[in-house]
file entry-v6.txt (compact mmCIF, C-alpha atoms)
# COMPACT_ATOMS: atom_id res chain seq x y z
CA MET A 1 0.07 -47.48 2.31
CA GLY A 2 -2.77 -46.32 0.09
CA LYS A 3 -4.32 -44.36 2.95
CA ILE A 4 -1.26 -42.23 3.54
CA PHE A 5 -1.11 -41.22 -0.11
CA LYS A 6 -4.80 -40.41 -0.17
CA ASP A 7 -4.50 -38.29 3.01
CA ALA A 8 -1.42 -36.52 1.73
CA SER A 9 -2.93 -35.77 -1.65
CA VAL A 10 -6.12 -34.34 -0.12
CA LEU A 11 -4.06 -32.12 2.18
CA PHE A 12 -1.88 -31.16 -0.79
CA ILE A 13 -4.91 -30.12 -2.83
CA ILE A 14 -6.33 -28.08 0.06
CA THR A 15 -3.06 -26.24 0.62
CA LEU A 16 -2.64 -25.74 -3.14
CA VAL A 17 -6.10 -24.21 -3.51
CA ALA A 18 -5.56 -22.07 -0.40
CA GLY A 19 -2.17 -20.95 -1.73
CA VAL A 20 -3.54 -20.02 -5.15
CA LEU A 21 -6.45 -18.10 -3.58
CA LEU A 22 -4.08 -16.27 -1.25
CA GLY A 23 -1.85 -15.39 -4.20
CA LEU A 24 -4.84 -14.00 -6.08
CA VAL A 25 -6.02 -11.90 -3.14
CA TYR A 26 -2.45 -10.69 -2.63
CA GLN A 27 -2.17 -9.61 -6.27
CA VAL A 28 -5.52 -7.82 -6.19
CA THR A 29 -4.81 -5.98 -2.94
CA LYS A 30 -1.09 -5.25 -3.43
CA GLU A 31 -1.57 -1.93 -5.23
CA PRO A 32 -4.32 -0.55 -2.96
CA ILE A 33 -2.33 -1.51 0.17
CA ALA A 34 0.82 0.22 -1.10
CA ALA A 35 -1.25 3.27 -2.02
CA GLN A 36 -2.88 3.33 1.43
CA ASN A 37 0.48 3.08 3.21
CA GLU A 38 1.90 5.87 1.07
CA LYS A 39 -1.16 8.02 1.75
CA ALA A 40 -0.93 7.45 5.52
CA LYS A 41 2.73 8.44 5.44
CA GLN A 42 2.06 11.57 3.39
CA GLU A 43 -0.68 12.57 5.82
CA ALA A 44 1.67 12.12 8.76
CA TYR A 45 4.31 14.24 7.01
CA GLU A 46 1.78 16.95 6.28
CA THR A 47 0.59 17.11 9.90
CA VAL A 48 4.06 17.58 11.31
CA LEU A 49 5.43 19.88 8.62
CA GLU A 50 2.53 21.99 7.39
CA SER A 51 4.58 24.57 5.53
CA ALA A 52 5.97 22.06 3.02
CA ASP A 53 4.07 21.05 -0.08
CA GLU A 54 6.30 18.25 -1.32
CA PHE A 55 8.43 15.68 0.43
CA GLU A 56 11.62 14.09 -0.77
CA VAL A 57 13.22 11.07 0.89
CA ILE A 58 16.84 11.87 1.64
CA TYR A 59 17.81 9.03 3.97
CA SER A 60 16.13 5.66 4.19
CA GLU A 61 17.05 2.64 6.25
CA GLU A 62 16.52 0.50 3.15
CA ASP A 63 19.74 1.83 1.63
CA PRO A 64 22.74 0.23 3.43
CA ASP A 65 25.03 3.30 3.15
CA GLN A 66 22.37 5.68 4.38
CA LYS A 67 21.43 3.24 7.12
CA ALA A 68 25.07 3.16 8.26
CA TRP A 69 25.11 6.96 8.39
CA LEU A 70 21.90 7.07 10.43
CA THR A 71 23.24 4.47 12.88
CA GLU A 72 26.47 6.41 13.21
CA CYS A 73 24.57 9.62 14.02
CA LEU A 74 22.88 7.83 16.91
CA SER A 75 25.92 6.00 18.23
CA ASN A 76 27.98 9.22 18.31
CA ALA A 77 25.33 11.08 20.26
CA SER A 78 25.80 11.88 23.92
CA GLU A 79 22.70 9.95 25.00
CA ASP A 80 22.33 6.18 24.64
CA PHE A 81 20.08 5.61 21.64
CA SER A 82 20.66 1.86 21.31
CA LYS A 83 16.88 1.25 21.60
CA ASP A 84 15.95 3.66 18.81
CA ASP A 85 16.14 3.38 15.05
CA ILE A 86 15.63 6.04 12.42
CA SER A 87 13.65 4.55 9.57
CA GLU A 88 13.44 7.53 7.25
CA VAL A 89 14.45 11.15 6.88
CA VAL A 90 12.41 13.28 4.52
CA ALA A 91 13.10 16.85 3.42
CA GLY A 92 9.99 18.99 3.22
CA LYS A 93 10.09 21.52 0.41
CA SER A 94 8.06 24.54 -0.48
CA ASN A 95 8.66 26.04 -3.93
CA GLY A 96 11.84 23.98 -4.19
CA GLU A 97 13.31 25.37 -0.94
CA THR A 98 13.87 23.01 1.97
CA VAL A 99 11.78 24.31 4.86
CA GLY A 100 12.30 21.47 7.33
CA TYR A 101 12.73 17.77 7.89
CA VAL A 102 10.45 14.92 8.86
CA ILE A 103 12.27 12.18 10.73
CA THR A 104 10.56 8.85 11.29
CA VAL A 105 11.71 7.03 14.43
CA VAL A 106 11.05 3.53 15.73
CA ALA A 107 11.44 3.37 19.51
CA HIS A 108 11.95 -0.23 20.62
CA ASP A 109 11.61 0.47 24.34
CA GLY A 110 7.87 1.05 24.57
CA TYR A 111 5.88 -0.82 27.19
CA ALA A 112 4.19 -3.07 24.62
CA GLY A 113 6.44 -3.26 21.59
CA ASP A 114 7.69 -0.73 19.10
CA ILE A 115 6.33 2.80 18.78
CA LYS A 116 6.78 4.33 15.35
CA PHE A 117 6.31 8.03 14.88
CA SER A 118 7.29 10.93 12.62
CA VAL A 119 8.56 14.21 13.98
CA GLY A 120 8.78 17.49 12.12
CA VAL A 121 11.63 19.95 12.68
CA SER A 122 11.89 23.26 10.82
CA LYS A 123 15.14 24.24 9.11
CA GLU A 124 15.80 26.66 11.97
CA GLY A 125 15.49 23.86 14.53
CA GLU A 126 12.02 24.56 15.85
CA PHE A 127 10.19 21.41 16.87
CA LEU A 128 6.93 21.37 14.92
CA GLY A 129 5.10 18.25 16.02
CA THR A 130 4.81 14.49 16.27
CA SER A 131 2.52 12.06 14.48
CA ILE A 132 2.27 8.48 15.72
CA LEU A 133 2.24 5.86 12.95
CA ALA A 134 2.14 2.66 14.99
CA ILE A 135 1.61 2.14 18.71
CA GLY A 136 0.42 -0.85 20.75
CA GLU A 137 0.57 0.51 24.28
CA THR A 138 -1.98 -0.32 26.97
CA ALA A 139 -5.32 1.38 26.37
CA GLY A 140 -5.99 4.01 29.01
CA LEU A 141 -2.32 4.16 30.06
CA GLY A 142 0.44 4.40 27.45
CA MET A 143 -2.11 4.73 24.67
CA ARG A 144 -2.87 8.21 26.01
CA ALA A 145 0.27 9.32 24.20
CA LYS A 146 -1.85 8.97 21.07
CA THR A 147 -5.40 9.63 22.32
CA ASP A 148 -4.63 12.60 24.55
CA PRO A 149 -2.69 15.23 22.58
CA SER A 150 -1.57 17.18 25.66
CA PHE A 151 1.60 15.06 26.10
CA LEU A 152 2.91 15.52 22.56
CA ASN A 153 1.78 19.16 22.46
CA GLN A 154 4.36 19.94 25.16
CA PHE A 155 7.15 19.39 22.65
CA LYS A 156 5.74 21.74 20.04
CA GLY A 157 7.42 25.07 19.49
CA ALA A 158 10.61 24.35 21.40
CA THR A 159 14.01 24.98 19.88
CA THR A 160 16.35 22.58 21.59
CA ASN A 161 18.61 19.63 20.88
CA LYS A 162 17.44 17.61 23.85
CA PHE A 163 14.17 17.29 25.73
CA SER A 164 14.18 16.14 29.32
CA LEU A 165 11.34 14.31 30.96
CA VAL A 166 10.14 15.01 34.49
CA THR A 167 7.55 13.20 36.58
CA ASP A 168 6.93 15.86 39.24
CA GLY A 169 4.64 18.09 37.22
CA THR A 170 7.11 20.92 36.75
CA GLY A 171 7.22 20.64 32.97
CA ALA A 172 3.69 21.85 32.41
CA THR A 173 4.50 24.81 30.14
CA ASP A 174 4.41 23.92 26.45
CA GLY A 175 7.23 24.90 24.16
CA ASP A 176 10.24 24.48 26.44
CA GLU A 177 12.67 21.57 26.71
CA VAL A 178 11.19 20.19 29.95
CA VAL A 179 8.15 17.94 29.46
CA ASP A 180 5.84 16.20 31.90
CA ALA A 181 5.49 12.44 31.64
CA ILE A 182 2.02 10.96 31.21
CA SER A 183 0.97 9.98 34.70
CA GLY A 184 1.07 6.20 35.10
CA SER A 185 2.87 5.74 31.77
CA THR A 186 6.46 6.67 32.46
CA VAL A 187 7.81 3.89 30.25
CA THR A 188 5.90 5.12 27.21
CA SER A 189 6.78 8.75 27.93
CA LYS A 190 10.46 7.88 28.28
CA ALA A 191 10.51 5.83 25.10
CA MET A 192 8.91 8.62 23.10
CA THR A 193 11.04 11.39 24.58
CA LYS A 194 14.17 9.39 23.85
CA GLY A 195 12.97 8.66 20.32
CA ILE A 196 12.36 12.37 19.79
CA ASN A 197 15.84 13.15 21.11
CA ALA A 198 17.26 10.57 18.68
CA ALA A 199 15.49 12.38 15.85
CA LEU A 200 16.95 15.68 17.09
CA ALA A 201 20.45 14.14 17.15
CA VAL A 202 19.99 13.22 13.49
CA PHE A 203 18.61 16.67 12.74
CA GLU A 204 21.73 18.26 14.23
CA LYS A 205 23.90 16.26 11.83
CA LEU A 206 21.60 17.22 8.98
CA ALA A 207 21.93 20.88 9.86
CA GLU A 208 25.70 20.45 9.75
CA GLY A 209 25.34 19.23 6.18
CA GLY A 210 24.51 15.52 6.46
CA ASN A 211 27.03 13.00 5.22
CA ASN A 212 28.09 14.96 2.14
CA MET B 1 -34.53 -23.15 10.94
CA ASN B 2 -35.08 -23.99 14.61
CA LYS B 3 -31.71 -25.66 14.60
CA CYS B 4 -30.09 -22.38 13.55
CA VAL B 5 -31.80 -20.38 16.32
CA GLU B 6 -30.79 -23.08 18.79
CA ARG B 7 -27.16 -22.70 17.62
CA LEU B 8 -27.25 -18.94 18.23
CA TYR B 9 -28.66 -19.42 21.74
CA ASN B 10 -26.12 -22.16 22.39
CA GLY B 11 -23.21 -19.93 21.38
CA ILE B 12 -24.33 -16.81 23.21
CA ILE B 13 -25.64 -18.29 26.49
CA LYS B 14 -25.51 -22.04 26.95
CA GLU B 15 -22.01 -22.73 25.72
CA ASN B 16 -20.63 -19.21 25.65
CA PRO B 17 -17.05 -19.80 24.43
CA THR B 18 -15.46 -17.36 26.88
CA LEU B 19 -17.56 -17.70 30.01
CA VAL B 20 -18.61 -21.36 29.83
CA LEU B 21 -16.17 -23.25 27.61
CA THR B 22 -13.30 -20.90 28.59
CA LEU B 23 -11.77 -21.27 25.16
CA GLY B 24 -9.68 -18.57 23.51
CA MET B 25 -8.32 -17.21 26.78
CA CYS B 26 -5.26 -15.66 25.16
CA PRO B 27 -7.07 -12.92 23.17
CA THR B 28 -9.68 -12.66 25.94
CA LEU B 29 -7.14 -11.69 28.56
CA ALA B 30 -4.75 -9.78 26.31
CA VAL B 31 -6.89 -7.39 24.30
CA THR B 32 -9.75 -6.53 26.66
CA THR B 33 -8.20 -3.36 28.06
CA SER B 34 -11.10 -1.35 26.65
CA ALA B 35 -14.61 -1.96 25.35
CA ILE B 36 -13.76 -0.93 21.80
CA ASN B 37 -10.93 -3.47 21.69
CA GLY B 38 -13.41 -6.16 22.69
CA ILE B 39 -15.85 -5.17 19.95
CA GLY B 40 -13.08 -5.09 17.33
CA MET B 41 -11.53 -8.41 18.26
CA GLY B 42 -14.94 -10.05 18.67
CA LEU B 43 -16.40 -8.95 15.35
CA SER B 44 -13.31 -9.80 13.29
CA SER B 45 -13.21 -13.25 14.93
CA THR B 46 -16.92 -13.71 14.18
CA VAL B 47 -16.38 -13.11 10.45
CA VAL B 48 -13.57 -15.66 10.33
CA LEU B 49 -15.56 -18.15 12.46
CA VAL B 50 -18.59 -18.08 10.16
CA LEU B 51 -16.48 -18.43 7.00
CA SER B 52 -14.22 -21.17 8.33
CA ASN B 53 -17.13 -23.15 9.84
CA LEU B 54 -18.98 -22.93 6.54
CA VAL B 55 -16.07 -24.11 4.41
CA ILE B 56 -14.95 -26.83 6.81
CA SER B 57 -18.51 -28.12 7.01
CA LEU B 58 -18.75 -28.24 3.20
CA LEU B 59 -15.44 -30.10 3.01
CA ARG B 60 -16.15 -32.40 5.97
CA LYS B 61 -16.63 -35.47 3.77
CA VAL B 62 -13.54 -34.74 1.69
CA ILE B 63 -11.05 -34.13 4.48
CA PRO B 64 -9.66 -37.44 5.80
CA ASP B 65 -9.64 -37.87 9.58
CA GLY B 66 -5.89 -38.30 9.81
CA VAL B 67 -5.05 -34.88 8.35
CA ARG B 68 -8.04 -32.88 9.56
CA MET B 69 -6.06 -30.65 11.93
CA PRO B 70 -3.54 -29.37 9.35
CA ALA B 71 -6.37 -28.99 6.85
CA PHE B 72 -8.44 -26.90 9.30
CA ILE B 73 -5.47 -24.74 10.19
CA VAL B 74 -4.67 -24.07 6.54
CA ILE B 75 -8.28 -23.05 5.90
CA VAL B 76 -8.52 -20.81 8.98
CA ALA B 77 -5.14 -19.15 8.39
CA SER B 78 -5.97 -18.52 4.72
CA PHE B 79 -9.22 -16.81 5.66
CA VAL B 80 -7.51 -14.67 8.25
CA THR B 81 -4.83 -13.57 5.79
CA MET B 82 -7.37 -12.83 3.06
CA VAL B 83 -9.52 -10.79 5.43
CA GLN B 84 -6.42 -8.89 6.48
CA PHE B 85 -5.31 -8.11 2.90
CA LEU B 86 -8.79 -7.07 1.79
CA MET B 87 -9.38 -4.89 4.82
CA GLN B 88 -5.97 -3.25 4.53
CA GLY B 89 -6.46 -2.48 0.87
CA PHE B 90 -10.09 -1.45 0.69
CA LEU B 91 -11.22 -0.49 4.22
CA PRO B 92 -8.15 1.30 5.60
CA SER B 93 -9.97 3.11 8.40
CA LEU B 94 -11.41 -0.17 9.70
CA TYR B 95 -7.98 -1.77 9.33
CA ASP B 96 -6.47 1.04 11.39
CA SER B 97 -8.66 0.17 14.34
CA LEU B 98 -8.81 -3.63 13.96
CA GLY B 99 -5.54 -4.36 12.16
CA ILE B 100 -3.58 -5.40 15.23
CA TYR B 101 -6.16 -8.07 16.19
CA ILE B 102 -6.38 -9.85 12.87
CA PRO B 103 -3.19 -11.94 13.09
CA LEU B 104 -4.28 -12.92 16.63
CA ILE B 105 -7.40 -14.60 15.25
CA VAL B 106 -5.36 -17.49 13.83
CA VAL B 107 -4.32 -18.55 17.31
CA ASN B 108 -7.83 -18.20 18.73
CA CYS B 109 -8.70 -21.77 19.63
CA ILE B 110 -12.45 -21.07 19.55
CA ILE B 111 -12.19 -21.23 15.78
CA LEU B 112 -10.29 -24.49 15.64
CA GLY B 113 -12.45 -25.80 18.50
CA ARG B 114 -15.69 -25.19 16.63
CA ALA B 115 -14.26 -26.61 13.42
CA GLU B 116 -13.32 -29.80 15.24
CA SER B 117 -16.31 -30.24 17.51
CA TYR B 118 -19.16 -28.94 15.35
CA ALA B 119 -18.48 -27.96 11.75
CA SER B 120 -16.66 -31.18 10.87
CA LYS B 121 -19.71 -33.23 11.89
CA ASN B 122 -22.70 -31.12 10.84
CA PRO B 123 -24.25 -29.67 7.67
CA ALA B 124 -23.26 -26.27 6.31
CA LEU B 125 -26.14 -24.03 7.45
CA PRO B 126 -26.19 -25.00 11.15
CA SER B 127 -22.38 -24.82 11.10
CA ALA B 128 -22.43 -21.26 9.82
CA PHE B 129 -24.97 -20.35 12.50
CA ASP B 130 -22.86 -22.13 15.11
CA GLY B 131 -19.98 -19.90 14.04
CA LEU B 132 -22.21 -16.82 14.23
CA GLY B 133 -23.53 -17.76 17.67
CA MET B 134 -20.09 -18.56 19.05
CA GLY B 135 -18.66 -15.39 17.50
CA LEU B 136 -21.41 -13.22 18.98
CA GLY B 137 -21.06 -14.96 22.35
CA PHE B 138 -17.33 -14.24 22.26
CA THR B 139 -17.93 -10.62 21.18
CA ILE B 140 -20.50 -9.96 23.91
CA ALA B 141 -18.37 -11.58 26.63
CA ILE B 142 -15.15 -9.77 25.79
CA THR B 143 -16.94 -6.47 25.20
CA ILE B 144 -18.47 -6.67 28.69
CA LEU B 145 -15.09 -7.70 30.08
CA GLY B 146 -13.41 -4.80 28.27
CA ALA B 147 -16.07 -2.33 29.40
CA CYS B 148 -15.75 -3.39 33.06
CA ARG B 149 -11.95 -3.20 32.95
CA GLU B 150 -12.03 0.15 31.18
CA LEU B 151 -14.58 1.56 33.63
CA LEU B 152 -12.63 0.52 36.73
CA GLY B 153 -9.16 0.96 35.30
CA ALA B 154 -9.50 4.15 33.31
CA GLY B 155 -12.82 5.55 34.51
CA THR B 156 -14.34 5.63 31.03
CA ILE B 157 -16.32 3.46 28.63
CA LEU B 158 -15.76 3.71 24.86
CA SER B 159 -13.27 6.51 25.28
CA THR B 160 -11.84 8.16 22.18
CA GLY B 161 -9.47 10.42 24.06
CA SER B 162 -11.48 13.61 23.99
CA SER B 163 -14.95 12.18 24.58
CA ALA B 164 -16.35 9.03 26.16
CA LEU B 165 -19.73 7.37 26.52
CA VAL B 166 -19.31 7.26 30.30
CA ASP B 167 -16.66 9.27 32.07
CA LEU B 168 -16.37 8.68 35.81
CA THR B 169 -13.21 10.76 36.11
CA LYS B 170 -15.42 13.85 35.77
CA PHE B 171 -17.13 12.84 39.02
CA GLY B 172 -13.91 12.54 40.95
CA TYR B 173 -13.26 8.82 40.40
CA THR B 174 -9.59 7.85 40.57
CA PRO B 175 -8.96 5.01 38.11
CA ALA B 176 -7.43 1.83 39.55
CA SER B 177 -4.86 1.04 36.87
CA ILE B 178 -4.53 -2.58 37.97
CA PHE B 179 -7.76 -3.36 36.12
CA ILE B 180 -6.28 -2.50 32.74
CA LEU B 181 -3.06 -4.34 33.54
CA ALA B 182 -2.76 -8.12 33.29
CA PRO B 183 -3.99 -9.06 36.81
CA GLY B 184 -7.20 -7.09 36.31
CA ALA B 185 -8.04 -9.31 33.36
CA PHE B 186 -8.04 -12.37 35.60
CA PHE B 187 -10.05 -10.64 38.37
CA MET B 188 -12.77 -9.45 36.01
CA LEU B 189 -12.90 -12.71 34.07
CA ALA B 190 -13.36 -14.71 37.27
CA MET B 191 -16.18 -12.42 38.37
CA LEU B 192 -17.91 -12.66 35.00
CA VAL B 193 -17.64 -16.47 34.96
CA ALA B 194 -19.13 -16.54 38.47
CA ILE B 195 -22.03 -14.32 37.37
CA MET B 196 -22.54 -16.50 34.31
CA ASN B 197 -22.70 -19.62 36.49
CA ARG B 198 -25.28 -17.93 38.68
CA VAL B 199 -27.37 -16.99 35.62
CA LYS B 200 -27.12 -20.54 34.29
CA ARG B 201 -28.15 -22.03 37.62
CA SER B 202 -31.13 -19.71 37.91
CA LYS B 203 -32.27 -21.03 34.53
CA GLY B 204 -31.95 -24.59 35.77
CA MET B 205 -28.78 -25.39 33.81
CA LYS B 206 -25.70 -26.94 35.33
CA PRO B 207 -22.94 -24.44 36.09
CA ALA B 208 -19.45 -25.03 34.68
CA LYS B 209 -17.91 -27.92 36.57
CA VAL B 210 -14.46 -27.92 38.13
CA PRO B 211 -12.81 -31.32 38.60
CA ASP B 212 -12.66 -32.35 42.25
CA TYR B 213 -8.95 -32.18 43.08
CA LEU B 214 -9.20 -32.92 46.81
CA ASP B 215 -11.01 -36.20 47.19
CA GLY B 216 -12.08 -38.78 44.70
CA ASP B 217 -9.74 -41.42 43.39
CA THR B 218 -6.75 -40.41 41.30
CA ASP B 219 -7.62 -42.50 38.26
CA GLU B 220 -10.85 -40.64 37.90
CA LEU B 221 -9.08 -37.32 38.36
CA GLY B 222 -6.56 -38.25 35.67
CA HIS B 223 -9.42 -39.16 33.42
CA LYS B 224 -11.14 -35.86 34.07
CA LEU B 225 -8.01 -33.84 33.45
CA GLY B 226 -7.33 -35.90 30.37
CA SER B 227 -10.74 -35.11 28.99
CA LEU B 228 -10.24 -31.44 29.81
CA ASP B 229 -6.96 -31.49 27.89
CA ASP B 230 -8.71 -33.03 24.93
CA LYS B 231 -11.20 -30.23 24.97
CA GLU B 232 -8.47 -27.62 25.20
CA GLU B 233 -6.64 -29.11 22.25
CA ALA B 234 -9.79 -29.15 20.21
call {"tool": "encode", "arguments": {"input": "entry-v6.txt", "output": "structure tokens"}}
result
Amino acid sequence: MGKIFKDASVLFIITLVAGVLLGLVYQVTKEPIAAQNEKAKQEAYETVLESADEFEVIYSEEDPDQKAWLTECLSNASEDFSKDDISEVVAGKSNGETVGYVITVVAHDGYAGDIKFSVGVSKEGEFLGTSILAIGETAGLGMRAKTDPSFLNQFKGATTNKFSLVTDGTGATDGDEVVDAISGSTVTSKAMTKGINAALAVFEKLAEGGNN
Amino acid sequence: MNKCVERLYNGIIKENPTLVLTLGMCPTLAVTTSAINGIGMGLSSTVVLVLSNLVISLLRKVIPDGVRMPAFIVIVASFVTMVQFLMQGFLPSLYDSLGIYIPLIVVNCIILGRAESYASKNPALPSAFDGLGMGLGFTIAITILGACRELLGAGTILSTGSSALVDLTKFGYTPASIFILAPGAFFMLAMLVAIMNRVKRSKGMKPAKVPDYLDGDTDELGHKLGSLDDKEEA
């Protein structure tokens, strides 16, 4: 009987000390981590929407009403976006004027888990660029979406509400709505193209005046 | 001091955790799609191995036998989480490249294995060096594995997208994607283990032994498998 109490109390003390230390480290690193995440997001926004100098969150999935609106945008679209989620919509402003939107998408149908990326669309509907925030695809295959910019560059400059993906090499020209898949990584290419189309579906609703 | 050098040699060559003990197969097979992944996973595991071996060795007389496993796991998991927080907050660029491997370290059984089989029975300094040796052995093995898979499967070594240390695709090599997919991990690992056995034999050491499944009496086989299971659990 005495042994079990001794064992339990030693284990209790170890977990207690570990817990307290973890709490301390968490407290110390909480602020810097939040600042780093914010900085990474700002940088992503700035890459995809260069003309804006400040960014204002207009829809966020953390707000239930706004989340419902974002989900509705996707479910009413012509394509099936059940594997995509919009996590945030940000308006990019320059001198107080809205110049475009940055839409952050999470595509759940990547080859190895979720792909999270931000896309920039100008107020006029021109597609300005994509910045990948989180990706875990196979190195050398799907990961080329991030390491080799030629895939994402194909989207840049197009004014369309839907990109279509081809695997026969006919989409080679940049700036139109037909894009070439990354060879050997069709799943990743599809997931990203669909995610981008989901963002464009939301943009269309935004251009119509959002949910106001 | 000799003991410490012996521990390094033991971890890197004699009892290389990946190629001889075949511990920690999950991260070995899963993350070695490129050389840089191997380096990242290996080095972050090494840091945790040294720290956890050190602390567990210092506490080896305090931790009762009956609760040693939960105690080890708490210590290892706490270190992993602390390393993750600190890296994320203060070394964001390093976290960007290694971040995805850090949670995987907790489930790396090399760490628990060394805690159980070495650190819990030996003094602090050799234990820390045991962790360093094992960590470096793991790093070297999975970096080589990653480099081979990357070379055959993508045609490059240490590729950053625009530039690479070695780029065979420039010389007309068509990458065989199977090597960066799951089956390639098993092919390459088997070849590396075979090479390692050859190296060990040439140095007069016994190669890794496989239990004899075909003949030999069943009791003995059960015993052998049982002892293998014990090792795995450790």
call {"tool": "atom_distance", "arguments": {"input": "entry-v6.txt", "atom1": "atom CA of Phe203 of chain A", "atom2": "atom CA of Tyr101 of chain A"}}
result
7.7 Å
call {"tool": "residues_around", "arguments": {"input": "entry-v6.txt", "residues": "Leu74 of chain A", "least_positions_apart": "3", "cutoff": "10 Å", "atoms": "all atoms listed in the file", "output": "JSON, numbers by chain"}}
result
{"A": [69, 70, 71, 77, 78, 79, 80, 81, 82, 84, 85, 86, 197, 198, 199, 200, 201, 202, 205]}
call {"tool": "closest_residue", "arguments": {"input": "entry-v6.txt", "among": "A:Thr170, A:Ser51, A:Ser87, A:Ser183", "to": "Ser122 of chain A", "atoms": "only C-alpha atoms"}}
result
A:Ser51
call {"tool": "interface_residues", "arguments": {"input": "entry-v6.txt", "of": "chain B", "to": "chain A", "cutoff": "8 Å", "atoms": "only C-alpha atoms", "output": "list in words"}}
result
Thr33, Ser34, Val62, Ile63, Pro64, Gly66, Val67, Pro70, Ala71, Val74, Ile75, Ser78, Thr81, Met82, Phe85, Leu86, Gln88, Gly89, Phe90, Pro92, Glu150, Gly153, Ala154, Thr160, Gly161, Ser162, Ser177, Ile180 and Leu181 of chain B
call {"tool": "residues_around", "arguments": {"input": "entry-v6.txt", "residues": "Asn10 of chain B", "least_positions_apart": "5", "cutoff": "10 Å", "atoms": "all atoms listed in the file", "output": "ChimeraX atom specification"}}
result
/B:4-5,15-17,130,133-134,137
call {"tool": "atom_distance", "arguments": {"input": "entry-v6.txt", "atom1": "atom CA of Pro27 of chain B", "atom2": "atom CA of Ile140 of chain B"}}
result
13.8 Å
call {"tool": "residues_near_point", "arguments": {"input": "entry-v6.txt", "point": "(7.3, 24.1, -3.1)", "cutoff": "8 Å", "atoms": "all atoms listed in the file", "output": "compact mmCIF listing (two decimals) with C-alpha atoms, in the frame of the given file"}}
result
# COMPACT_ATOMS: atom_id res chain seq x y z
CA ALA A 52 5.97 22.06 3.02
CA ASP A 53 4.07 21.05 -0.08
CA GLU A 54 6.30 18.25 -1.32
CA LYS A 93 10.09 21.52 0.41
CA SER A 94 8.06 24.54 -0.48
CA ASN A 95 8.66 26.04 -3.93
CA GLY A 96 11.84 23.98 -4.19
CA GLU A 97 13.31 25.37 -0.94
call {"tool": "residues_near_point", "arguments": {"input": "entry-v6.txt", "point": "(12.0, 3.4, 14.0)", "cutoff": "10 Å", "atoms": "all atoms listed in the file", "output": "PyMOL selection string"}}
result
chain A and resi 61+83-88+103-108+114-118+134+195+199
call {"tool": "write_last_selection", "arguments": {"input": "entry-v6.txt", "atoms": "C-alpha atoms", "output": "PDB file, keeping the file's coordinate frame"}}
result
ATOM      1  CA  GLU A  61      17.050   2.640   6.250  1.00  0.00           C
ATOM      2  CA  LYS A  83      16.880   1.250  21.600  1.00  0.00           C
ATOM      3  CA  ASP A  84      15.950   3.660  18.810  1.00  0.00           C
ATOM      4  CA  ASP A  85      16.140   3.380  15.050  1.00  0.00           C
ATOM      5  CA  ILE A  86      15.630   6.040  12.420  1.00  0.00           C
ATOM      6  CA  SER A  87      13.650   4.550   9.570  1.00  0.00           C
ATOM      7  CA  GLU A  88      13.440   7.530   7.250  1.00  0.00           C
ATOM      8  CA  ILE A 103      12.270  12.180  10.730  1.00  0.00           C
ATOM      9  CA  THR A 104      10.560   8.850  11.290  1.00  0.00           C
ATOM     10  CA  VAL A 105      11.710   7.030  14.430  1.00  0.00           C
ATOM     11  CA  VAL A 106      11.050   3.530  15.730  1.00  0.00           C
ATOM     12  CA  ALA A 107      11.440   3.370  19.510  1.00  0.00           C
ATOM     13  CA  HIS A 108      11.950  -0.230  20.620  1.00  0.00           C
ATOM     14  CA  ASP A 114       7.690  -0.730  19.100  1.00  0.00           C
ATOM     15  CA  ILE A 115       6.330   2.800  18.780  1.00  0.00           C
ATOM     16  CA  LYS A 116       6.780   4.330  15.350  1.00  0.00           C
ATOM     17  CA  PHE A 117       6.310   8.030  14.880  1.00  0.00           C
ATOM     18  CA  SER A 118       7.290  10.930  12.620  1.00  0.00           C
ATOM     19  CA  ALA A 134       2.140   2.660  14.990  1.00  0.00           C
ATOM     20  CA  GLY A 195      12.970   8.660  20.320  1.00  0.00           C
ATOM     21  CA  ALA A 199      15.490  12.380  15.850  1.00  0.00           C
TER      22      ALA A 199
END
call {"tool": "closest_residue", "arguments": {"input": "entry-v6.txt", "among": "A:Glu72, A:Glu208, A:Asp109, A:Glu126", "to": "Asp176 of chain A", "atoms": "only C-alpha atoms"}}
result
A:Glu126
call {"tool": "closest_residue", "arguments": {"input": "entry-v6.txt", "among": "A:Gly2, A:Gly209, A:Gly100, A:Gly175", "to": "Leu49 of chain A", "atoms": "all atoms listed in the file"}}
result
A:Gly100
call {"tool": "residues_around", "arguments": {"input": "entry-v6.txt", "residues": "Asn153 of chain A", "least_positions_apart": "6", "cutoff": "10 Å", "atoms": "all atoms listed in the file", "output": "NGL selection string"}}
result
:A and (128-130 or 173-175 or 179)
call {"tool": "axis_aligned_box", "arguments": {"input": "entry-v6.txt", "around": "segment 143-162 of chain A", "padding_each_side": "6 Å", "output": "lines of an AutoDock Vina configuration file"}}
result
center_x = 6.6
center_y = 14.9
center_z = 22.8
size_x = 36.0
size_y = 32.3
size_z = 18.6
call {"tool": "atom_distance", "arguments": {"input": "entry-v6.txt", "atom1": "atom CA of Leu19 of chain B", "atom2": "atom CA of Val193 of chain B"}}
result
5.1 Å
call {"tool": "closest_residue", "arguments": {"input": "entry-v6.txt", "among": "B:Leu21, B:Ala35, B:Cys26, B:Leu8", "to": "Ala182 of chain B", "atoms": "all atoms listed in the file"}}
result
B:Cys26
call {"tool": "closest_residue", "arguments": {"input": "entry-v6.txt", "among": "B:Arg149, B:Thr46, B:Gly155, B:Ile56", "to": "Pro183 of chain B", "atoms": "all atoms listed in the file"}}
result
B:Arg149
